[in-house]
file run15.cif (mmCIF, C-alpha atoms)
data_structure
#
loop_
_atom_site.label_atom_id
_atom_site.label_comp_id
_atom_site.auth_asym_id
_atom_site.auth_seq_id
_atom_site.Cartn_x
_atom_site.Cartn_y
_atom_site.Cartn_z
CA MET A 1 78.17 61.86 78.57
CA GLN A 2 79.51 65.31 79.44
CA LYS A 3 77.96 65.12 82.89
CA LYS A 4 79.63 61.74 83.57
CA LEU A 5 82.97 63.09 82.34
CA LEU A 6 82.68 66.15 84.61
CA ILE A 7 81.83 63.98 87.62
CA GLY A 8 84.72 61.65 86.80
CA LEU A 9 87.20 64.52 86.60
CA LEU A 10 85.94 65.98 89.88
CA LEU A 11 86.23 62.63 91.67
CA SER A 12 89.73 62.14 90.27
CA PHE A 13 90.78 65.57 91.52
CA LEU A 14 89.36 64.95 95.00
CA THR A 15 90.88 61.46 95.20
CA TYR A 16 94.29 62.82 94.24
CA GLY A 17 93.95 65.59 96.81
CA LEU A 18 93.19 63.01 99.52
CA SER A 19 95.67 60.32 98.57
CA ALA A 20 98.66 62.02 96.98
CA GLN A 21 100.27 63.11 100.20
CA ASP A 22 99.75 63.27 103.93
CA PHE A 23 101.24 66.75 104.00
CA TYR A 24 100.44 69.72 106.19
CA ARG A 25 97.94 71.81 104.29
CA SER A 26 97.95 75.13 106.16
CA GLU A 27 100.78 77.66 106.33
CA VAL A 28 100.95 81.09 107.93
CA GLY A 29 103.63 83.68 107.48
CA VAL A 30 104.71 87.19 106.57
CA PHE A 31 105.44 89.11 103.39
CA LEU A 32 108.35 91.56 103.27
CA GLY A 33 109.29 93.58 100.22
CA GLY A 34 108.30 96.65 98.29
CA SER A 35 105.43 98.30 96.44
CA TYR A 36 105.34 100.73 93.55
CA TYR A 37 102.92 102.38 91.16
CA VAL A 38 102.50 102.73 87.38
CA GLY A 39 100.14 105.41 86.08
CA ASP A 40 99.90 108.97 84.77
CA LEU A 41 102.91 110.18 86.79
CA ASN A 42 104.96 107.09 85.93
CA PRO A 43 103.69 105.52 82.70
CA SER A 44 106.29 102.80 82.15
CA LYS A 45 109.17 102.54 84.64
CA HIS A 46 108.88 99.50 86.89
CA PHE A 47 110.39 99.66 90.40
CA LEU A 48 110.60 103.48 90.24
CA LYS A 49 110.24 104.97 93.75
CA THR A 50 109.64 101.54 95.32
CA LYS A 51 108.55 101.80 98.96
CA PHE A 52 108.57 99.30 101.81
CA ALA A 53 105.65 96.87 102.00
CA GLY A 54 104.74 94.09 104.41
CA GLY A 55 101.89 92.00 105.66
CA LEU A 56 100.45 88.63 106.61
CA VAL A 57 99.93 85.55 104.45
CA TYR A 58 97.82 82.40 104.88
CA ARG A 59 98.10 79.49 102.42
CA TYR A 60 96.01 76.33 102.18
CA ASN A 61 97.63 73.63 100.05
CA ILE A 62 94.88 71.72 98.25
CA THR A 63 97.31 69.41 96.41
CA PRO A 64 101.05 69.62 95.60
CA ARG A 65 100.00 71.59 92.50
CA TRP A 66 97.19 73.86 93.75
CA ALA A 67 96.91 76.21 96.72
CA LEU A 68 94.64 78.94 98.04
CA LYS A 69 96.28 82.02 99.54
CA VAL A 70 95.01 85.08 101.39
CA ASN A 71 97.11 88.26 101.74
CA ALA A 72 96.67 91.29 103.97
CA LEU A 73 99.34 93.75 102.78
CA LEU A 74 100.26 97.38 103.45
CA GLY A 75 102.65 99.37 101.28
CA GLY A 76 103.55 102.82 100.09
CA LEU A 77 103.14 104.34 96.63
CA GLU A 78 104.71 107.47 95.17
CA GLY A 79 104.78 109.19 91.81
CA SER A 80 106.41 112.34 90.52
CA ASP A 81 106.68 114.01 87.12
CA ALA A 82 110.08 115.36 88.13
CA VAL A 83 111.40 111.85 88.76
CA SER A 84 109.76 109.88 85.95
CA LYS A 85 110.48 112.64 83.39
CA ALA A 86 107.24 111.71 81.59
CA ASN A 87 105.82 115.24 81.80
CA VAL A 88 108.19 117.48 83.73
CA GLU A 89 106.34 120.72 82.88
CA ARG A 90 103.13 119.39 84.50
CA ASN A 91 105.02 119.16 87.82
CA LEU A 92 102.56 116.95 89.72
CA SER A 93 103.41 114.45 92.47
CA PHE A 94 101.67 112.33 95.11
CA LYS A 95 102.16 109.73 97.80
CA SER A 96 99.76 107.24 99.35
CA TYR A 97 99.57 104.23 101.61
CA ILE A 98 97.78 101.30 100.03
CA PHE A 99 96.16 98.48 102.01
CA GLU A 100 95.09 95.31 100.24
CA PHE A 101 93.09 92.23 101.24
CA SER A 102 93.36 89.59 98.53
CA PRO A 103 92.31 85.92 98.17
CA GLN A 104 94.28 84.20 95.40
CA VAL A 105 94.71 80.83 93.66
CA GLU A 106 98.24 79.50 93.10
CA PHE A 107 99.37 76.87 90.57
CA ASN A 108 102.74 75.16 91.02
CA PHE A 109 104.41 74.08 87.78
CA LEU A 110 106.13 71.27 89.72
CA GLN A 111 104.81 69.22 92.60
CA TYR A 112 105.67 71.18 95.72
CA ILE A 113 105.42 70.08 99.36
CA THR A 114 106.87 72.06 102.25
CA GLY A 115 109.49 69.92 103.96
CA ASP A 116 109.70 67.23 101.30
CA LYS A 117 113.28 66.47 100.20
CA LYS A 118 112.27 65.61 96.63
CA HIS A 119 109.55 68.17 95.91
CA PHE A 120 111.01 71.20 97.66
CA ILE A 121 111.05 73.76 94.82
CA SER A 122 108.69 75.00 92.13
CA PRO A 123 107.93 78.11 90.09
CA TYR A 124 104.29 79.19 90.32
CA ILE A 125 101.72 81.62 89.00
CA PHE A 126 98.75 83.16 90.77
CA VAL A 127 95.58 85.13 90.13
CA GLY A 128 92.85 86.43 92.42
CA VAL A 129 90.74 89.38 93.44
CA SER A 130 91.80 92.34 95.57
CA LEU A 131 89.97 94.85 97.73
CA PHE A 132 92.24 97.83 98.37
CA ASN A 133 92.17 101.26 99.97
CA PHE A 134 94.28 104.29 99.00
CA ASN A 135 94.36 108.02 99.79
CA PRO A 136 96.60 110.20 97.57
CA LYS A 137 98.24 113.24 99.14
CA ALA A 138 100.38 116.08 97.79
CA GLU A 139 102.76 118.45 99.56
CA PHE A 140 102.26 122.24 99.54
CA ASP A 141 104.31 124.67 101.66
CA GLY A 142 105.55 121.84 103.88
CA THR A 143 102.13 120.28 104.55
CA TRP A 144 100.66 117.13 102.99
CA TYR A 145 97.02 117.45 101.90
CA PRO A 146 94.59 114.62 101.01
CA LEU A 147 93.63 115.26 97.40
CA GLN A 148 90.33 113.44 96.93
CA SER A 149 88.35 115.88 99.07
CA LEU A 150 89.88 118.86 97.23
CA GLY A 151 88.41 117.89 93.85
CA THR A 152 91.49 118.95 91.90
CA GLU A 153 89.80 118.12 88.58
CA GLY A 154 86.54 119.73 89.66
CA GLN A 155 84.96 116.61 91.20
CA GLY A 156 82.02 117.45 93.44
CA THR A 157 81.83 121.12 92.41
CA THR A 158 79.18 123.00 90.49
CA ILE A 159 81.49 123.35 87.50
CA PRO A 160 79.62 121.87 84.48
CA ASP A 161 80.55 118.39 83.17
CA THR A 162 82.68 117.42 86.17
CA LYS A 163 82.69 113.96 87.76
CA LYS A 164 81.66 112.78 91.20
CA PRO A 165 84.44 112.31 93.81
CA TYR A 166 86.25 109.04 93.21
CA ALA A 167 86.08 106.12 95.66
CA LEU A 168 89.06 105.47 97.93
CA THR A 169 88.20 101.78 98.34
CA THR A 170 87.82 99.68 95.22
CA VAL A 171 88.81 96.37 93.58
CA ALA A 172 91.64 95.07 91.41
CA ILE A 173 92.77 91.83 89.79
CA PRO A 174 96.13 90.63 91.15
CA PHE A 175 98.25 88.24 89.11
CA GLY A 176 101.91 87.35 88.92
CA VAL A 177 104.71 84.82 89.21
CA GLY A 178 106.88 83.42 91.94
CA LEU A 179 109.30 80.73 93.08
CA LYS A 180 108.77 78.53 96.17
CA VAL A 181 111.60 76.82 98.04
CA SER A 182 111.46 74.75 101.23
CA PRO A 183 114.85 74.87 103.02
CA HIS A 184 113.49 73.20 106.16
CA LYS A 185 110.81 70.66 106.97
CA ALA A 186 108.57 73.35 108.46
CA ILE A 187 109.42 76.44 106.40
CA SER A 188 108.41 77.66 102.96
CA LEU A 189 110.11 80.60 101.25
CA GLY A 190 108.65 82.38 98.24
CA LEU A 191 110.01 85.06 95.93
CA GLU A 192 107.07 86.82 94.29
CA TRP A 193 106.23 89.62 91.84
CA GLY A 194 102.55 90.49 91.58
CA ILE A 195 100.94 93.27 89.58
CA ARG A 196 97.44 94.63 90.27
CA LYS A 197 95.18 95.66 87.43
CA THR A 198 92.88 98.28 88.93
CA PHE A 199 89.66 99.84 87.69
CA THR A 200 90.45 103.35 88.90
CA ASP A 201 92.55 106.10 87.34
CA TYR A 202 92.84 108.10 90.55
CA ILE A 203 95.47 106.37 92.67
CA ASP A 204 97.60 109.41 91.77
CA ASP A 205 94.64 111.88 91.71
CA VAL A 206 95.37 112.49 88.00
CA SER A 207 93.06 111.34 85.21
CA ASP A 208 91.20 113.79 83.02
CA THR A 209 91.54 117.52 82.29
CA TYR A 210 92.38 120.72 84.12
CA VAL A 211 89.26 122.39 85.51
CA THR A 212 87.44 124.61 83.07
CA ASP A 213 86.67 127.17 85.78
CA PRO A 214 89.59 127.59 88.25
CA THR A 215 87.86 130.54 89.93
CA THR A 216 84.85 128.42 90.91
CA LEU A 217 87.15 125.64 92.15
CA GLU A 218 88.92 128.12 94.43
CA ALA A 219 85.65 129.63 95.65
CA GLU A 220 84.04 126.27 96.49
CA ASN A 221 87.00 124.12 97.57
CA GLY A 222 89.49 126.71 98.76
CA PRO A 223 92.92 128.10 97.80
CA ILE A 224 94.72 124.78 98.48
CA ALA A 225 92.56 123.02 95.90
CA TYR A 226 93.32 125.82 93.44
CA ALA A 227 97.07 125.57 94.11
CA LEU A 228 97.28 121.79 93.82
CA ALA A 229 95.01 121.47 90.77
CA ASP A 230 97.57 123.06 88.45
CA ARG A 231 101.25 123.16 89.45
CA SER A 232 102.58 123.67 85.94
CA LEU A 233 106.02 125.27 85.65
CA THR A 234 104.76 127.69 83.00
CA GLY A 235 101.53 129.58 82.49
CA THR A 236 98.58 129.98 84.86
CA PRO A 237 95.49 127.84 85.61
CA ASN A 238 93.52 130.03 83.19
CA ASP A 239 95.99 129.12 80.43
CA HIS A 240 95.37 125.38 80.88
CA LYS A 241 91.58 125.31 81.28
CA GLY A 242 90.12 122.14 79.76
CA LEU A 243 93.50 120.82 78.55
CA ALA A 244 94.65 117.28 79.27
CA ARG A 245 95.92 116.80 82.83
CA GLY A 246 96.15 113.00 82.57
CA ASN A 247 95.16 110.11 80.32
CA SER A 248 91.67 108.96 81.26
CA LYS A 249 91.81 106.07 78.76
CA THR A 250 94.30 104.12 80.90
CA LYS A 251 93.89 102.94 84.49
CA ASP A 252 96.49 102.95 87.24
CA TRP A 253 98.40 99.83 88.35
CA PHE A 254 100.33 98.94 91.48
CA VAL A 255 102.73 96.12 92.35
CA TYR A 256 103.77 94.17 95.42
CA THR A 257 107.09 92.35 95.11
CA GLY A 258 109.12 90.60 97.78
CA VAL A 259 109.62 87.47 99.86
CA THR A 260 107.15 85.37 101.83
CA VAL A 261 108.29 83.34 104.83
CA ALA A 262 105.67 80.82 105.94
CA VAL A 263 105.55 78.10 108.59
CA ARG A 264 103.33 75.06 108.19
CA ILE A 265 100.64 74.36 110.77
CA LYS A 266 100.45 70.80 112.10
CA PRO A 267 96.99 69.29 111.53
CA LYS A 268 94.94 68.06 114.47
CA HIS A 269 94.26 64.73 112.79
CA GLN A 270 96.43 62.59 110.52
CA ARG A 271 94.95 60.56 107.68
CA CYS A 272 94.18 56.89 108.21
CA ASP A 273 96.59 54.14 107.14
CA ALA A 274 94.32 53.19 104.25
CA TYR A 275 95.18 56.47 102.51
CA LYS A 276 98.88 56.08 103.26
CA GLN A 277 98.84 52.67 101.56
CA HIS A 278 96.80 53.83 98.57
CA PRO A 279 98.43 52.69 95.28
CA LYS A 280 98.34 56.25 93.91
CA ILE A 281 100.66 57.52 96.61
CA LYS A 282 103.95 58.43 95.00
CA ILE A 283 105.30 60.75 97.69
CA LYS A 284 105.99 59.71 101.26
CA TYR A 285 106.25 62.48 103.78
CA LYS A 286 108.77 62.12 106.60
CA ASP A 287 108.29 64.29 109.62
#
call {"tool": "encode", "arguments": {"input": "run15.cif", "output": "structure tokens"}}
result
Amino acid sequence: MQKKLLIGLLLSFLTYGLSAQDFYRSEVGVFLGGSYYVGDLNPSKHFLKTKFAGGLVYRYNITPRWALKVNALLGGLEGSDAVSKANVERNLSFKSYIFEFSPQVEFNFLQYITGDKKHFISPYIFVGVSLFNFNPKAEFDGTWYPLQSLGTEGQGTTIPDTKKPYALTTVAIPFGVGLKVSPHKAISLGLEWGIRKTFTDYIDDVSDTYVTDPTTLEAENGPIAYALADRSLTGTPNDHKGLARGNSKTKDWFVYTGVTVAVRIKPKHQRCDAYKQHPKIKIKYKD
């Protein structure tokens, strides 16, 4: 019984996808907007230090309700204790470019078809999977240094109980909300806010504790590593040995927000007249 029900639902979904509309399924376009970060150096303030972001978007409309989308986006992230005021005395900061490749599934709350005069607008939600690359840097004496290779929390050194260097390419779960509008028969506009739940706490190079042996860190990784590991406004690295530098129990997040502008791609083949005359057709597309 359950197997027959599952097959029936699948056939109904496919039939609706074929017969509901002879609309153009593929769209390509661009994303323009901003990106920002939430983590140890900015625990709660959204849109703080938002940087420019952009990229390419491909969307395949399965039905007027469901779509598959693929993003390739590049943006900037920044965080600073001095700006967020979360821990001014710690005095840490970073910046990074972040590149993301992300397939996603979109669900339109209303039937939406690019170019259709009746179904030209809908709010939507999305979820997917993201592969992203980052590389945090910090400024010292006018020069920006990549932080991962310096092991600012003792990663990769002989100091006891320290972690391995963290990966610069990892995965996240993107999800968010948006609004689609079609002002022209060939154009789709989307306003979108999408947050990324990551599984790393090192987008900002801050996670655990100050190194327990600053002298060994300096000897093995150099004076720059020593200088950037502890930039506290008071005390010395020896005063902070083993104390909390970040909150390792929470992971970092990042957000892309902005506008997509997409143009539909004309299919090579139109559907046969039998589908256009199908009794389930409720929407007639006019080119």
call {"tool": "closest_residue", "arguments": {"input": "run15.cif", "among": "A:Tyr166, A:Ile98, A:Leu41, A:Trp66", "to": "Ala53 of chain A", "atoms": "only C-alpha atoms"}}
result
A:Ile98
call {"tool": "residues_around", "arguments": {"input": "run15.cif", "residues": "Phe120 of chain A", "least_positions_apart": "6", "cutoff": "12 Å", "atoms": "all atoms listed in the file", "output": "ChimeraX atom specification"}}
result
/A:64,108,110-114,179-190,283,285
call {"tool": "write_last_selection", "arguments": {"input": "run15.cif", "atoms": "C-alpha atoms", "output": "PDB file, keeping the file's coordinate frame"}}
result
ATOM      1  CA  PRO A  64     101.050  69.620  95.600  1.00  0.00           C
ATOM      2  CA  ASN A 108     102.740  75.160  91.020  1.00  0.00           C
ATOM      3  CA  LEU A 110     106.130  71.270  89.720  1.00  0.00           C
ATOM      4  CA  GLN A 111     104.810  69.220  92.600  1.00  0.00           C
ATOM      5  CA  TYR A 112     105.670  71.180  95.720  1.00  0.00           C
ATOM      6  CA  ILE A 113     105.420  70.080  99.360  1.00  0.00           C
ATOM      7  CA  THR A 114     106.870  72.060 102.250  1.00  0.00           C
ATOM      8  CA  LEU A 179     109.300  80.730  93.080  1.00  0.00           C
ATOM      9  CA  LYS A 180     108.770  78.530  96.170  1.00  0.00           C
ATOM     10  CA  VAL A 181     111.600  76.820  98.040  1.00  0.00           C
ATOM     11  CA  SER A 182     111.460  74.750 101.230  1.00  0.00           C
ATOM     12  CA  PRO A 183     114.850  74.870 103.020  1.00  0.00           C
ATOM     13  CA  HIS A 184     113.490  73.200 106.160  1.00  0.00           C
ATOM     14  CA  LYS A 185     110.810  70.660 106.970  1.00  0.00           C
ATOM     15  CA  ALA A 186     108.570  73.350 108.460  1.00  0.00           C
ATOM     16  CA  ILE A 187     109.420  76.440 106.400  1.00  0.00           C
ATOM     17  CA  SER A 188     108.410  77.660 102.960  1.00  0.00           C
ATOM     18  CA  LEU A 189     110.110  80.600 101.250  1.00  0.00           C
ATOM     19  CA  GLY A 190     108.650  82.380  98.240  1.00  0.00           C
ATOM     20  CA  ILE A 283     105.300  60.750  97.690  1.00  0.00           C
ATOM     21  CA  TYR A 285     106.250  62.480 103.780  1.00  0.00           C
TER      22      TYR A 285
END
call {"tool": "resolve_selection", "arguments": {"input": "run15.cif", "expression": "the PyMOL selection byres ((chain A and resi 42-49) around 8)", "output": "ChimeraX atom specification"}}
result
/A:35-41,50-51,77-81,84,86
call {"tool": "closest_residue", "arguments": {"input": "run15.cif", "among": "A:Tyr24, A:Phe109, A:Phe52, A:Tyr60", "to": "Ser122 of chain A", "atoms": "all atoms listed in the file"}}
result
A:Phe109
call {"tool": "closest_atom_pairs", "arguments": {"input": "run15.cif", "of": "segment 96-143 of chain A", "to": "segment 226-249 of chain A", "cutoff": "10 Å", "atoms": "only C-alpha atoms", "output": "JSON lines"}}
result
{"residue": "A:Ala138", "atom": "CA", "partner": "A:Leu228", "partner_atom": "CA", "distance": 7.6}
{"residue": "A:Glu139", "atom": "CA", "partner": "A:Leu228", "partner_atom": "CA", "distance": 8.6}
{"residue": "A:Phe140", "atom": "CA", "partner": "A:Leu228", "partner_atom": "CA", "distance": 7.6}
call {"tool": "write_last_selection", "arguments": {"input": "run15.cif", "atoms": "C-alpha atoms", "output": "PDB file, in the coordinates of the input"}}
result
ATOM      1  CA  ALA A 138     100.380 116.080  97.790  1.00  0.00           C
ATOM      2  CA  GLU A 139     102.760 118.450  99.560  1.00  0.00           C
ATOM      3  CA  PHE A 140     102.260 122.240  99.540  1.00  0.00           C
TER       4      PHE A 140
END
call {"tool": "atom_distance", "arguments": {"input": "run15.cif", "atom1": "atom CA of Gly115 of chain A", "atom2": "atom CA of Gly33 of chain A"}}
result
24.0 Å
call {"tool": "closest_residue", "arguments": {"input": "run15.cif", "among": "A:Gln104, A:Thr260, A:Asn133, A:Ser149", "to": "Thr169 of chain A", "atoms": "all atoms listed in the file"}}
result
A:Asn133
call {"tool": "resolve_selection", "arguments": {"input": "run15.cif", "expression": "the PyMOL selection byres ((chain A and resi 161) around 12)", "output": "list in words"}}
result
Glu153, Gly154, Gln155, Gly156, Thr157, Thr158, Ile159, Pro160, Thr162, Lys163, Lys164, Asp208, Thr209, Val211, Thr212, Asp213 and Gly242 of chain A
call {"tool": "closest_residue", "arguments": {"input": "run15.cif", "among": "A:Tyr58, A:Phe254, A:Phe31, A:Phe107", "to": "Glu192 of chain A", "atoms": "all atoms listed in the file"}}
result
A:Phe31
call {"tool": "atom_distance", "arguments": {"input": "run15.cif", "atom1": "atom CA of Leu191 of chain A", "atom2": "atom CA of Thr257 of chain A"}}
result
7.9 Å
call {"tool": "atom_distance", "arguments": {"input": "run15.cif", "atom1": "atom CA of Phe94 of chain A", "atom2": "atom CA of Pro136 of chain A"}}
result
6.0 Å
call {"tool": "resolve_selection", "arguments": {"input": "run15.cif", "expression": "the PyMOL selection byres ((chain A and resi 175) around 7)", "output": "list in words"}}
result
Phe126, Val127, Gly128, Ile173, Pro174, Gly176, Gly194, Ile195 and Arg196 of chain A
call {"tool": "closest_residue", "arguments": {"input": "run15.cif", "among": "A:Arg25, A:Val57, A:Thr215, A:Ile125", "to": "Lys266 of chain A", "atoms": "only C-alpha atoms"}}
result
A:Arg25
call {"tool": "residues_around", "arguments": {"input": "run15.cif", "residues": "Lys251 of chain A", "least_positions_apart": "4", "cutoff": "8 Å", "atoms": "all atoms listed in the file", "output": "list in words"}}
result
Gly39, Lys197, Thr198, Phe199, Thr200 and Asp201 of chain A
